[in-house]
Structures are given as C-alpha cells and as structure tokens.
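**Student:** Structure: coords.csv, CSV, C-alpha atoms.
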```
chain,number,residue,atom,x,y,z
A,1,MET,CA,-43.9,-18.2,72.4
A,2,SER,CA,-40.8,-17.2,70.3
A,3,THR,CA,-40.5,-13.6,69.2
A,4,ILE,CA,-40.7,-12.8,65.5
A,5,SER,CA,-38.3,-10.2,64.3
A,6,GLU,CA,-37.1,-8.8,60.9
A,7,LEU,CA,-33.8,-9.0,59.2
A,8,THR,CA,-32.4,-8.3,55.7
A,9,VAL,CA,-30.4,-10.9,53.9
A,10,SER,CA,-28.3,-10.3,50.8
A,11,ALA,CA,-28.4,-13.4,48.6
A,12,GLY,CA,-27.9,-14.0,44.9
A,13,GLY,CA,-27.6,-10.4,44.1
A,14,LEU,CA,-30.8,-9.3,45.8
A,15,ARG,CA,-31.7,-7.9,49.3
A,16,PHE,CA,-34.5,-9.9,50.9
A,17,ARG,CA,-36.6,-8.5,53.7
A,18,CYS,CA,-37.3,-11.5,56.0
A,19,LEU,CA,-39.1,-12.4,59.2
A,20,HIS,CA,-37.4,-14.8,61.4
A,21,ALA,CA,-37.8,-16.7,64.7
A,22,GLY,CA,-35.6,-19.0,66.7
A,23,GLY,CA,-31.9,-19.6,66.6
A,24,GLY,CA,-31.6,-23.4,66.3
A,25,ASP,CA,-29.0,-25.2,64.3
A,26,ARG,CA,-31.6,-26.4,61.8
A,27,LEU,CA,-32.8,-24.0,59.1
A,28,ALA,CA,-36.3,-23.9,57.7
A,29,LEU,CA,-37.1,-21.5,54.9
A,30,LEU,CA,-40.8,-20.6,54.8
A,31,VAL,CA,-41.9,-19.3,51.3
A,32,HIS,CA,-45.1,-17.5,50.6
A,33,GLY,CA,-47.2,-17.4,47.4
A,34,PHE,CA,-49.7,-15.1,45.7
A,35,PRO,CA,-51.5,-13.0,46.7
A,36,ASP,CA,-49.6,-13.1,50.0
A,37,ASP,CA,-46.4,-12.2,51.8
A,38,ALA,CA,-44.1,-13.4,54.5
A,39,GLY,CA,-46.5,-12.4,57.2
A,40,THR,CA,-48.6,-15.4,56.3
A,41,TRP,CA,-46.2,-17.5,58.4
A,42,SER,CA,-46.8,-15.6,61.6
A,43,GLN,CA,-48.1,-18.7,63.4
A,44,LEU,CA,-45.8,-21.3,61.9
A,45,LEU,CA,-42.6,-19.3,62.5
A,46,PRO,CA,-42.8,-19.4,66.3
A,47,ALA,CA,-44.0,-23.0,66.3
A,48,LEU,CA,-40.9,-24.1,64.4
A,49,ALA,CA,-38.7,-21.9,66.5
A,50,GLN,CA,-40.0,-23.6,69.7
A,51,ALA,CA,-39.1,-26.9,68.0
A,52,GLY,CA,-35.5,-25.9,67.7
A,53,TYR,CA,-35.4,-24.5,64.2
A,54,HIS,CA,-34.2,-21.2,62.9
A,55,ALA,CA,-37.2,-20.3,60.8
A,56,ILE,CA,-36.8,-17.6,58.1
A,57,ALA,CA,-39.6,-16.3,55.9
A,58,PRO,CA,-38.6,-14.0,53.1
A,59,TRP,CA,-40.7,-11.7,51.0
A,60,THR,CA,-39.9,-13.3,47.7
A,61,ARG,CA,-38.2,-11.4,44.8
A,62,GLY,CA,-40.0,-8.3,43.8
A,63,TYR,CA,-42.5,-8.3,46.7
A,64,GLY,CA,-42.7,-5.4,49.1
A,65,GLU,CA,-39.3,-4.3,50.4
A,66,THR,CA,-37.4,-7.2,48.8
A,67,GLU,CA,-35.6,-5.9,45.8
A,68,ARG,CA,-36.9,-6.1,42.3
A,69,ALA,CA,-34.9,-8.3,39.9
A,70,ALA,CA,-32.5,-6.1,38.0
A,71,ASP,CA,-32.4,-8.6,35.1
A,72,GLY,CA,-36.2,-8.8,35.1
A,73,ARG,CA,-36.2,-12.5,35.8
A,74,TYR,CA,-39.2,-14.0,37.7
A,75,ASP,CA,-39.1,-17.4,36.1
A,76,VAL,CA,-39.3,-20.5,38.3
A,77,ALA,CA,-35.5,-21.2,37.9
A,78,ALA,CA,-34.8,-17.8,39.4
A,79,LEU,CA,-37.3,-18.4,42.2
A,80,GLY,CA,-35.7,-21.7,43.1
A,81,GLY,CA,-32.2,-20.2,42.8
A,82,ASP,CA,-33.2,-17.6,45.4
A,83,LEU,CA,-33.8,-20.4,48.0
A,84,VAL,CA,-30.4,-22.0,47.3
A,85,ALA,CA,-28.8,-18.5,47.6
A,86,LEU,CA,-30.6,-17.8,50.9
A,87,ARG,CA,-29.6,-21.1,52.4
A,88,ARG,CA,-25.9,-20.3,51.5
A,89,ALA,CA,-26.1,-16.7,52.7
A,90,LEU,CA,-27.6,-17.8,56.1
A,91,GLY,CA,-24.5,-20.0,56.7
A,92,HIS,CA,-26.2,-23.4,56.6
A,93,ARG,CA,-25.0,-26.4,54.6
A,94,ARG,CA,-28.6,-27.7,54.3
A,95,ALA,CA,-32.1,-26.5,55.0
A,96,ALA,CA,-35.7,-27.5,54.9
A,97,ILE,CA,-38.2,-25.7,52.6
A,98,VAL,CA,-41.8,-25.1,53.6
A,99,GLY,CA,-43.6,-23.5,50.6
A,100,HIS,CA,-47.2,-22.4,49.9
A,101,ASP,CA,-48.6,-21.7,46.5
A,102,TRP,CA,-45.7,-20.1,44.5
A,103,GLY,CA,-43.5,-20.9,47.4
A,104,ALA,CA,-44.3,-24.6,46.8
A,105,VAL,CA,-43.3,-24.2,43.1
A,106,ALA,CA,-40.0,-22.5,44.1
A,107,GLY,CA,-39.4,-25.4,46.5
A,108,TYR,CA,-40.0,-28.1,43.9
A,109,VAL,CA,-37.5,-26.3,41.7
A,110,ALA,CA,-34.9,-25.6,44.4
A,111,VAL,CA,-34.5,-29.2,45.5
A,112,ASN,CA,-34.0,-30.3,41.9
A,113,MET,CA,-31.6,-27.5,41.3
A,114,SER,CA,-29.4,-28.3,44.3
A,115,LYS,CA,-30.5,-31.4,46.1
A,116,GLU,CA,-27.4,-31.3,48.3
A,117,SER,CA,-28.7,-28.0,49.8
A,118,PHE,CA,-32.0,-29.3,51.2
A,119,ASP,CA,-33.0,-32.1,53.5
A,120,CYS,CA,-36.6,-32.1,52.7
A,121,LEU,CA,-39.6,-30.2,51.3
A,122,VAL,CA,-43.1,-29.4,52.5
A,123,THR,CA,-45.5,-28.0,50.0
A,124,MET,CA,-49.0,-26.6,50.5
A,125,ALA,CA,-51.8,-26.2,48.0
A,126,VAL,CA,-49.8,-26.9,44.8
A,127,PRO,CA,-48.9,-30.4,43.4
A,128,PRO,CA,-45.7,-31.0,41.6
A,129,PRO,CA,-45.6,-29.2,38.2
A,130,ARG,CA,-44.8,-32.5,36.5
A,131,THR,CA,-48.3,-33.9,37.3
A,132,LEU,CA,-50.1,-30.6,37.5
A,133,LEU,CA,-49.3,-29.8,33.9
A,134,ARG,CA,-50.4,-33.2,32.8
A,135,ASP,CA,-53.7,-33.2,34.8
A,136,LEU,CA,-54.6,-29.6,34.2
A,137,VAL,CA,-55.6,-30.0,30.5
A,138,ARG,CA,-57.7,-33.0,31.5
A,139,ASP,CA,-59.9,-31.2,34.1
A,140,PRO,CA,-62.3,-28.6,32.8
A,141,ALA,CA,-63.2,-27.6,36.4
A,142,GLN,CA,-59.5,-26.9,37.2
A,143,LEU,CA,-59.1,-24.8,34.0
A,144,ARG,CA,-62.1,-22.7,35.1
A,145,ARG,CA,-60.5,-22.3,38.6
A,146,SER,CA,-57.3,-21.1,36.9
A,147,TRP,CA,-59.0,-18.3,34.9
A,148,TYR,CA,-56.9,-15.6,36.5
A,149,VAL,CA,-53.6,-17.0,35.0
A,150,GLY,CA,-54.9,-16.2,31.5
A,151,ARG,CA,-56.1,-12.8,32.7
A,152,PHE,CA,-52.7,-11.9,34.0
A,153,GLN,CA,-51.2,-12.4,30.6
A,154,LEU,CA,-53.2,-9.6,29.0
A,155,PRO,CA,-52.1,-6.0,28.5
A,156,GLY,CA,-53.1,-3.8,31.4
A,157,ALA,CA,-53.1,-6.6,33.9
A,158,ALA,CA,-51.2,-4.5,36.5
A,159,ALA,CA,-53.7,-1.6,36.3
A,160,ARG,CA,-56.6,-4.1,36.6
A,161,LEU,CA,-55.1,-5.7,39.7
A,162,ARG,CA,-54.7,-2.3,41.3
A,163,ARG,CA,-58.2,-1.3,40.6
A,164,ASP,CA,-60.6,-0.5,43.5
A,165,ASP,CA,-58.0,-0.9,46.2
A,166,LEU,CA,-56.7,-4.3,44.8
A,167,ALA,CA,-60.3,-5.7,45.0
A,168,LEU,CA,-59.2,-8.8,43.1
A,169,VAL,CA,-57.0,-9.8,46.1
A,170,ASP,CA,-60.1,-9.8,48.3
A,171,ARG,CA,-62.0,-11.9,45.7
A,172,LEU,CA,-59.2,-14.5,45.4
A,173,TRP,CA,-58.9,-15.0,49.2
A,174,ARG,CA,-62.7,-15.4,49.5
A,175,ASP,CA,-62.9,-17.9,46.6
A,176,TRP,CA,-59.8,-19.9,47.4
A,177,SER,CA,-60.4,-20.3,51.2
A,178,PRO,CA,-64.2,-19.9,51.6
A,179,GLY,CA,-64.0,-21.2,55.2
A,180,LEU,CA,-61.4,-18.7,56.4
A,181,ARG,CA,-63.3,-16.8,59.0
A,182,ASP,CA,-61.6,-13.4,59.1
A,183,ALA,CA,-58.7,-12.6,56.8
A,184,ARG,CA,-59.2,-8.8,56.8
A,185,GLU,CA,-55.9,-8.0,58.6
A,186,ARG,CA,-53.9,-10.5,56.6
A,187,VAL,CA,-55.4,-9.2,53.3
A,188,ALA,CA,-54.7,-5.6,54.3
A,189,ALA,CA,-51.1,-6.5,54.9
A,190,VAL,CA,-50.9,-8.2,51.5
A,191,LYS,CA,-52.3,-5.1,49.9
A,192,ARG,CA,-49.6,-3.0,51.6
A,193,THR,CA,-47.0,-5.3,50.2
A,194,LEU,CA,-48.4,-5.1,46.7
A,195,SER,CA,-48.7,-1.3,47.0
A,196,ALA,CA,-44.9,-0.9,47.0
A,197,PRO,CA,-43.6,0.5,43.7
A,198,GLY,CA,-43.2,-2.3,41.2
A,199,SER,CA,-44.5,-5.0,43.4
A,200,VAL,CA,-47.7,-5.7,41.4
A,201,GLU,CA,-45.6,-5.9,38.2
A,202,ALA,CA,-43.2,-8.3,39.8
A,203,ALA,CA,-46.0,-10.5,41.2
A,204,LEU,CA,-47.6,-10.7,37.8
A,205,SER,CA,-44.3,-11.6,36.2
A,206,TYR,CA,-44.3,-14.9,38.1
A,207,TYR,CA,-47.3,-15.8,36.0
A,208,ARG,CA,-46.3,-14.1,32.8
A,209,GLN,CA,-42.9,-15.8,32.7
A,210,LEU,CA,-44.6,-19.2,32.6
A,211,LEU,CA,-45.0,-18.6,28.9
A,212,PRO,CA,-42.0,-19.3,26.6
A,213,HIS,CA,-42.1,-16.1,24.7
A,214,ARG,CA,-41.7,-14.0,27.9
A,215,VAL,CA,-38.2,-15.2,28.7
A,216,ALA,CA,-35.0,-16.1,26.8
A,217,ARG,CA,-35.2,-19.6,25.2
A,218,PRO,CA,-32.4,-21.2,27.2
A,219,VAL,CA,-33.8,-19.8,30.5
A,220,TYR,CA,-37.3,-21.2,29.7
A,221,ARG,CA,-35.8,-24.6,28.8
A,222,GLU,CA,-33.9,-24.8,32.1
A,223,ALA,CA,-36.9,-23.6,34.1
A,224,LEU,CA,-39.2,-26.2,32.5
A,225,ARG,CA,-36.6,-28.9,33.0
A,226,LEU,CA,-36.2,-28.1,36.7
A,227,ALA,CA,-39.9,-27.7,37.3
A,228,THR,CA,-40.9,-31.0,35.7
A,229,ALA,CA,-38.1,-33.2,36.8
A,230,ARG,CA,-39.0,-35.8,39.4
A,231,VAL,CA,-38.6,-34.3,42.9
A,232,GLU,CA,-35.3,-35.4,44.4
A,233,ALA,CA,-36.0,-34.7,48.1
A,234,PRO,CA,-38.4,-36.3,50.7
A,235,THR,CA,-41.6,-34.3,50.4
A,236,LEU,CA,-44.8,-33.8,52.3
A,237,VAL,CA,-47.6,-32.4,50.2
A,238,ILE,CA,-50.5,-30.8,52.0
A,239,ALA,CA,-53.8,-30.2,50.3
A,240,GLY,CA,-57.0,-28.6,51.5
A,241,ASP,CA,-60.1,-30.4,50.2
A,242,GLU,CA,-62.0,-27.1,50.0
A,243,ASP,CA,-59.3,-25.3,48.0
A,244,GLY,CA,-60.9,-23.0,45.4
A,245,CYS,CA,-57.6,-22.4,43.6
A,246,ILE,CA,-56.3,-25.9,42.9
A,247,GLY,CA,-58.9,-28.6,43.4
A,248,PRO,CA,-58.3,-31.8,45.3
A,249,ARG,CA,-58.4,-34.0,42.2
A,250,MET,CA,-55.1,-32.4,41.1
A,251,PHE,CA,-53.4,-34.3,44.0
A,252,ASN,CA,-54.9,-37.8,43.1
A,253,SER,CA,-52.0,-39.1,41.0
A,254,ILE,CA,-48.9,-37.2,42.1
A,255,GLY,CA,-46.7,-40.3,42.7
A,256,PRO,CA,-44.9,-40.3,39.3
A,257,ALA,CA,-43.6,-36.8,40.1
A,258,PHE,CA,-41.3,-38.1,42.9
A,259,ALA,CA,-37.9,-39.8,42.8
A,260,ALA,CA,-37.7,-39.7,46.6
A,261,ALA,CA,-40.2,-40.7,49.4
A,262,HIS,CA,-43.3,-38.6,49.5
A,263,GLU,CA,-46.4,-38.2,51.6
A,264,LEU,CA,-49.8,-36.6,50.9
A,265,GLU,CA,-51.9,-35.2,53.7
A,266,ARG,CA,-55.4,-33.9,52.9
A,267,VAL,CA,-56.9,-31.5,55.3
A,268,ALA,CA,-60.7,-31.8,55.6
A,269,GLY,CA,-62.6,-28.6,55.4
A,270,ALA,CA,-59.6,-26.4,54.6
A,271,GLY,CA,-59.1,-24.2,51.6
A,272,HIS,CA,-56.1,-22.8,49.9
A,273,PHE,CA,-54.7,-21.0,52.9
A,274,MET,CA,-55.0,-24.0,55.1
A,275,HIS,CA,-52.0,-22.9,57.3
A,276,LEU,CA,-54.2,-20.0,58.5
A,277,GLU,CA,-57.4,-22.0,58.8
A,278,ARG,CA,-55.9,-24.9,60.7
A,279,PRO,CA,-52.7,-23.5,62.1
A,280,GLU,CA,-52.2,-26.0,64.9
A,281,LEU,CA,-52.7,-29.0,62.7
A,282,ILE,CA,-50.4,-27.6,60.0
A,283,ALA,CA,-47.7,-26.8,62.5
A,284,SER,CA,-47.9,-30.4,63.9
A,285,LEU,CA,-47.7,-31.9,60.4
A,286,VAL,CA,-44.7,-29.7,59.4
A,287,ARG,CA,-42.8,-30.2,62.7
A,288,SER,CA,-43.3,-34.0,62.6
A,289,PHE,CA,-42.1,-34.2,59.0
A,290,LEU,CA,-39.1,-32.0,59.5
A,291,ASP,CA,-38.0,-33.7,62.7
A,292,ARG,CA,-37.8,-37.0,60.7
A,293,HIS,CA,-35.8,-35.6,57.9
A,294,VAL,CA,-33.7,-32.6,58.9
A,295,ASP,CA,-30.1,-33.2,59.9
A,296,ALA,CA,-29.4,-31.6,63.3
A,297,SER,CA,-25.8,-30.6,62.2
A,298,ASP,CA,-26.5,-28.5,59.2
A,299,VAL,CA,-24.6,-25.3,60.2
A,300,GLY,CA,-21.3,-24.3,58.7
```
I'd like the structure from this file rewritten - as structure tokens, please.

**Tutor:**
Amino acid sequence: MSTISELTVSAGGLRFRCLHAGGGDRLALLVHGFPDDAGTWSQLLPALAQAGYHAIAPWTRGYGETERAADGRYDVAALGGDLVALRRALGHRRAAIVGHDWGAVAGYVAVNMSKESFDCLVTMAVPPPRTLLRDLVRDPAQLRRSWYVGRFQLPGAAARLRRDDLALVDRLWRDWSPGLRDARERVAAVKRTLSAPGSVEAALSYYRQLLPHRVARPVYREALRLATARVEAPTLVIAGDEDGCIGPRMFNSIGPAFAAAHELERVAGAGHFMHLERPELIASLVRSFLDRHVDASDVG
C-alpha cells in the first residue's frame, strides 16, 4: 500500500495544505466537500497511487491550514480556478479531477474554465449545476433536503455551526449517509479542520456566495456561466441511491448538461459519502474511468 504524506503547494496566490501519494506521470486531483476535508480520500489516494497516478488531495481554500482567501472570494469560479492553478503549480500539462460534494462543483467549473487542463472528471454526490438548478425547484423533497443552504445564509450562521462542538456536522453525516457504520474518527478530523481560525466562516462562504448580492456582479455572472455551461470533459457521475443530501432523482435527467461523453453510476445502498461506505467499488470505478481517459504523458 502506498504511503500518504503531506506537502504544501503554492498556487494561485494561496498556500494549500495537501495529502499526496504516488509519483506517477499522471496527476489526479482529489477534491473534498462539506463538511469534510482532504482526509476523506485516505483510501482512494493509495489506490490511485498503486495504479500509477500521482494523487493529490488539497484542503480547499479556507479549510484548516490552507490559507483563507485574502480577497474574500469563495464563489465557484474561484474554486474552479484553484484546481487549474494547482495543476499548473504541480508541473503537469493536464490532470484528472475527482470531486465529491463541493469538490464536484469545483470540478464542473474547472473543466469549463480550462478544458485544455483536464483529461476527465469524476464527480460524486452532486449532479451538474445546469440540471441541478433546473430540477431543484421542481422537487419539494429535494428542497426539504437542502434546508441547511438557507440556514447558512442567515446572520449568526457561523456561531450556530460552532454550537455544541459543531453538533450540526454530526447530524449532517448521519442524515446524509445513514448506512455509514462508524464515521466518528472522520467526523472528529473534520471538526479539527473546522476549528481552525476562520475555517467555519470560509466553509459557509461557499454557500453564501451562491447568492448574487454576496459577490461583485461581474464575478457572479462569470461564476454562473461557468457552472451552468455544458460540461466539456468526459465525466463519470457517481450517485448513492440512499443519499440524504441530494436525492437520486436529481440524477435522472443529467444528459443535457454535457457536451462531452458522460456516464452515470448509481451505487446501491450507499449514501452521500459513498467513497467511505463502498471504498473498493469506488476505487475500481474511478481507476477504470481514469485509465480510459488520462493521457500517460501529461508531465511538463
């Protein structure tokens, strides 16, 4: 089994704390979501390293020891731009992205922002924003599942999230992946990440900057354009059919969101954190897809 170690990467004006494994010529960026951190990839990192990839998992902007954004930007264009900058800083012409939750959103944006930078994309638990935004308003059950998004817009959201040792983090993990047997160590690590100064505020800003009045108008327009454009890279979308965050119906009609080939893989009995519930299956799916799409000569 390949060893996981840490490194710091300066990219796009920020210093990113990262986990990495392997040293292959093919780069895979593994991008976490909320409430989570780079440690969520502790099983996929060595699996990809053994398959010949240099697998890198950053703590995304504002999380833990990764720097806060000096300009205050946590909009989706900034998140996608971070992946482009990381690819460049790591010395690779191209890379693959594997994104979960907000990492999936960042991936959709990144491949549209710089399609020459990425061979392919794997997303977990979040459909393309182009169809998600369309379908969300048509599905009352999904609107109920997304209650927390509205709550995060309210004054005092950071204090409420910190309340009772970040108890909301425990609740979201239970609700979103009810079949995950024992997430105590993982959740404890996430709480340590969110306990870093400014980390809660940064994490909430991802949600708060979804609204147009939270960011400059040109920034919002560009972020919306990139998020809702048809996806320009071959994409594997993985969805758990017991996901308590984004329900399985949100993946039923994702075809119009893609300008390139795409595949949808539904994982029976898995919830939002399917990569932790079914790690061997997810690793197999990801490796197979990347091996078909990643160029073996992407260094330099």

**Student:** Tell me which protein, DNA and RNA residues are within 9 Å of stretch 97-105 of chain A, counting only C-alpha atoms, leaving out same-chain ones fewer than 4 positions away, and put them as a PyMOL selection string.

**Tutor:** chain A and resi 27-34+60+76+79-80+83+109-111+118-129+206+227+272-273+275+286

**Student:** Filtering to C-alpha atoms, could you give me those residues as a PDB file, in the coordinates of the input?

**Tutor:**
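again_4.pdb was written with the following content:
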```pdb
ATOM      1  CA  LEU A  27     -32.800 -24.000  59.100  1.00  0.00           C
ATOM      2  CA  ALA A  28     -36.300 -23.900  57.700  1.00  0.00           C
ATOM      3  CA  LEU A  29     -37.100 -21.500  54.900  1.00  0.00           C
ATOM      4  CA  LEU A  30     -40.800 -20.600  54.800  1.00  0.00           C
ATOM      5  CA  VAL A  31     -41.900 -19.300  51.300  1.00  0.00           C
ATOM      6  CA  HIS A  32     -45.100 -17.500  50.600  1.00  0.00           C
ATOM      7  CA  GLY A  33     -47.200 -17.400  47.400  1.00  0.00           C
ATOM      8  CA  PHE A  34     -49.700 -15.100  45.700  1.00  0.00           C
ATOM      9  CA  THR A  60     -39.900 -13.300  47.700  1.00  0.00           C
ATOM     10  CA  VAL A  76     -39.300 -20.500  38.300  1.00  0.00           C
ATOM     11  CA  LEU A  79     -37.300 -18.400  42.200  1.00  0.00           C
ATOM     12  CA  GLY A  80     -35.700 -21.700  43.100  1.00  0.00           C
ATOM     13  CA  LEU A  83     -33.800 -20.400  48.000  1.00  0.00           C
ATOM     14  CA  VAL A 109     -37.500 -26.300  41.700  1.00  0.00           C
ATOM     15  CA  ALA A 110     -34.900 -25.600  44.400  1.00  0.00           C
ATOM     16  CA  VAL A 111     -34.500 -29.200  45.500  1.00  0.00           C
ATOM     17  CA  PHE A 118     -32.000 -29.300  51.200  1.00  0.00           C
ATOM     18  CA  ASP A 119     -33.000 -32.100  53.500  1.00  0.00           C
ATOM     19  CA  CYS A 120     -36.600 -32.100  52.700  1.00  0.00           C
ATOM     20  CA  LEU A 121     -39.600 -30.200  51.300  1.00  0.00           C
ATOM     21  CA  VAL A 122     -43.100 -29.400  52.500  1.00  0.00           C
ATOM     22  CA  THR A 123     -45.500 -28.000  50.000  1.00  0.00           C
ATOM     23  CA  MET A 124     -49.000 -26.600  50.500  1.00  0.00           C
ATOM     24  CA  ALA A 125     -51.800 -26.200  48.000  1.00  0.00           C
ATOM     25  CA  VAL A 126     -49.800 -26.900  44.800  1.00  0.00           C
ATOM     26  CA  PRO A 127     -48.900 -30.400  43.400  1.00  0.00           C
ATOM     27  CA  PRO A 128     -45.700 -31.000  41.600  1.00  0.00           C
ATOM     28  CA  PRO A 129     -45.600 -29.200  38.200  1.00  0.00           C
ATOM     29  CA  TYR A 206     -44.300 -14.900  38.100  1.00  0.00           C
ATOM     30  CA  ALA A 227     -39.900 -27.700  37.300  1.00  0.00           C
ATOM     31  CA  HIS A 272     -56.100 -22.800  49.900  1.00  0.00           C
ATOM     32  CA  PHE A 273     -54.700 -21.000  52.900  1.00  0.00           C
ATOM     33  CA  HIS A 275     -52.000 -22.900  57.300  1.00  0.00           C
ATOM     34  CA  VAL A 286     -44.700 -29.700  59.400  1.00  0.00           C
TER      35      VAL A 286
END
```

**Student:** Calculate how many Å separate atom CA of A:His213 from atom CA of A:Lys191, rounding to one decimal.

**Tutor:** 29.3 Å

**Student:** List as a count of residues only the protein and nucleic acid residues near A:Gln43, meaning an atom at most 7 Å away when only C-alpha atoms are counted, but skip any in the same chain fewer than 3 places from it.

**Tutor:** 3

**Student:** Quick one: everything within 10 Å of A:Ala188, counting all atoms listed in the file, minus sequence neighbours fewer than 3 positions away in the same chain. Send it as a PDB file with C-alpha atoms, in the coordinates of the input.

**Tutor:**
```pdb
ATOM      1  CA  ASP A 165     -58.000  -0.900  46.200  1.00  0.00           C
ATOM      2  CA  LEU A 166     -56.700  -4.300  44.800  1.00  0.00           C
ATOM      3  CA  VAL A 169     -57.000  -9.800  46.100  1.00  0.00           C
ATOM      4  CA  ASP A 170     -60.100  -9.800  48.300  1.00  0.00           C
ATOM      5  CA  ALA A 183     -58.700 -12.600  56.800  1.00  0.00           C
ATOM      6  CA  ARG A 184     -59.200  -8.800  56.800  1.00  0.00           C
ATOM      7  CA  GLU A 185     -55.900  -8.000  58.600  1.00  0.00           C
ATOM      8  CA  LYS A 191     -52.300  -5.100  49.900  1.00  0.00           C
ATOM      9  CA  ARG A 192     -49.600  -3.000  51.600  1.00  0.00           C
ATOM     10  CA  THR A 193     -47.000  -5.300  50.200  1.00  0.00           C
ATOM     11  CA  LEU A 194     -48.400  -5.100  46.700  1.00  0.00           C
TER      12      LEU A 194
END
```

**Student:** Hey, can you check how far atom CA of A:Gly64 sits from atom CA of A:Ser199?

**Tutor:**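 One can read the atom CA of A:Gly64 to atom CA of A:Ser199 distance as 6.0 Å.
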
**Student:** Between A:Glu116, A:Glu222, A:Asp139, A:Asp164, which has the minimum distance to A:Ala96 (counting all atoms listed in the file)?

**Tutor:**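 Using all atoms listed in the file, the shortest distance to A:Ala96 belongs to A:Glu116.
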
**Student:** How far is it from atom CA of A:Arg144 to atom CA of A:Pro248, in Å with one decimal?

**Tutor:**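 Going from atom CA of A:Arg144 over to atom CA of A:Pro248 covers 14.2 Å.
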
**Student:** I want to know what sits within 8 Å of stretch 145-151 of chain A, based on all atoms listed in the file, with residues of the same chain fewer than 5 positions away left out; could you give that as a list of chain:residue names?

**Tutor:**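 Near neighbours after the sequence-gap exclusion: A:Ala157, A:Tyr207, A:Gly244, A:Cys245, A:Ile246.
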
**Student:** Only C-alpha atoms, please: the residues just picked out, written as a PDB file, in the coordinates of the input.

**Tutor:**
```
ATOM      1  CA  ALA A 157     -53.100  -6.600  33.900  1.00  0.00           C
ATOM      2  CA  TYR A 207     -47.300 -15.800  36.000  1.00  0.00           C
ATOM      3  CA  GLY A 244     -60.900 -23.000  45.400  1.00  0.00           C
ATOM      4  CA  CYS A 245     -57.600 -22.400  43.600  1.00  0.00           C
ATOM      5  CA  ILE A 246     -56.300 -25.900  42.900  1.00  0.00           C
TER       6      ILE A 246
END
```

**Student:** Would you pick out the contacts of A:Thr3 at 9 Å or less, using all atoms listed in the file, so that residues sharing its chain but fewer than 3 positions from it are not included, and give the list as a count of residues only?

**Tutor:** 5

**Student:** Taking only C-alpha atoms into account, which of A:Gly179, A:Gly24, A:Gly107, A:Pro140 comes nearest A:Arg249?

**Tutor:**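 Of A:Gly179, A:Gly24, A:Gly107, A:Pro140, the one nearest A:Arg249, counting only C-alpha atoms, is A:Pro140.
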
**Student:** Looking at A:Tyr108, A:Phe251, A:Tyr220, A:Trp176, which one is nearest to A:Thr235, with distances taken over only C-alpha atoms?

**Tutor:**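 The shortest atom-to-atom distance to A:Thr235 comes from A:Tyr108.
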
**Student:** Identify which of the residues A:Thr40, A:Pro178, A:Leu143, A:Asp25 lies closest to A:Arg94, counting all atoms listed in the file when measuring atom-to-atom distances.

**Tutor:**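 Looking only at the distances to A:Arg94, the closest residue turns out to be A:Asp25.
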
**Student:** Given all atoms listed in the file as the basis, pick out the residue of A:Arg181, A:Glu280, A:Asp36, A:Arg26 nearest to A:Ala51.

**Tutor:**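 Of the candidates, the smallest distance to A:Ala51 is held by A:Arg26.
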
**Student:** Between A:Arg93, A:Arg138, A:Arg174, A:Arg186, which residue has the minimum interatomic distance to A:Val294, considering all atoms listed in the file?

**Tutor:**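 Looking at the shortest contact to A:Val294, the residue is A:Arg93.
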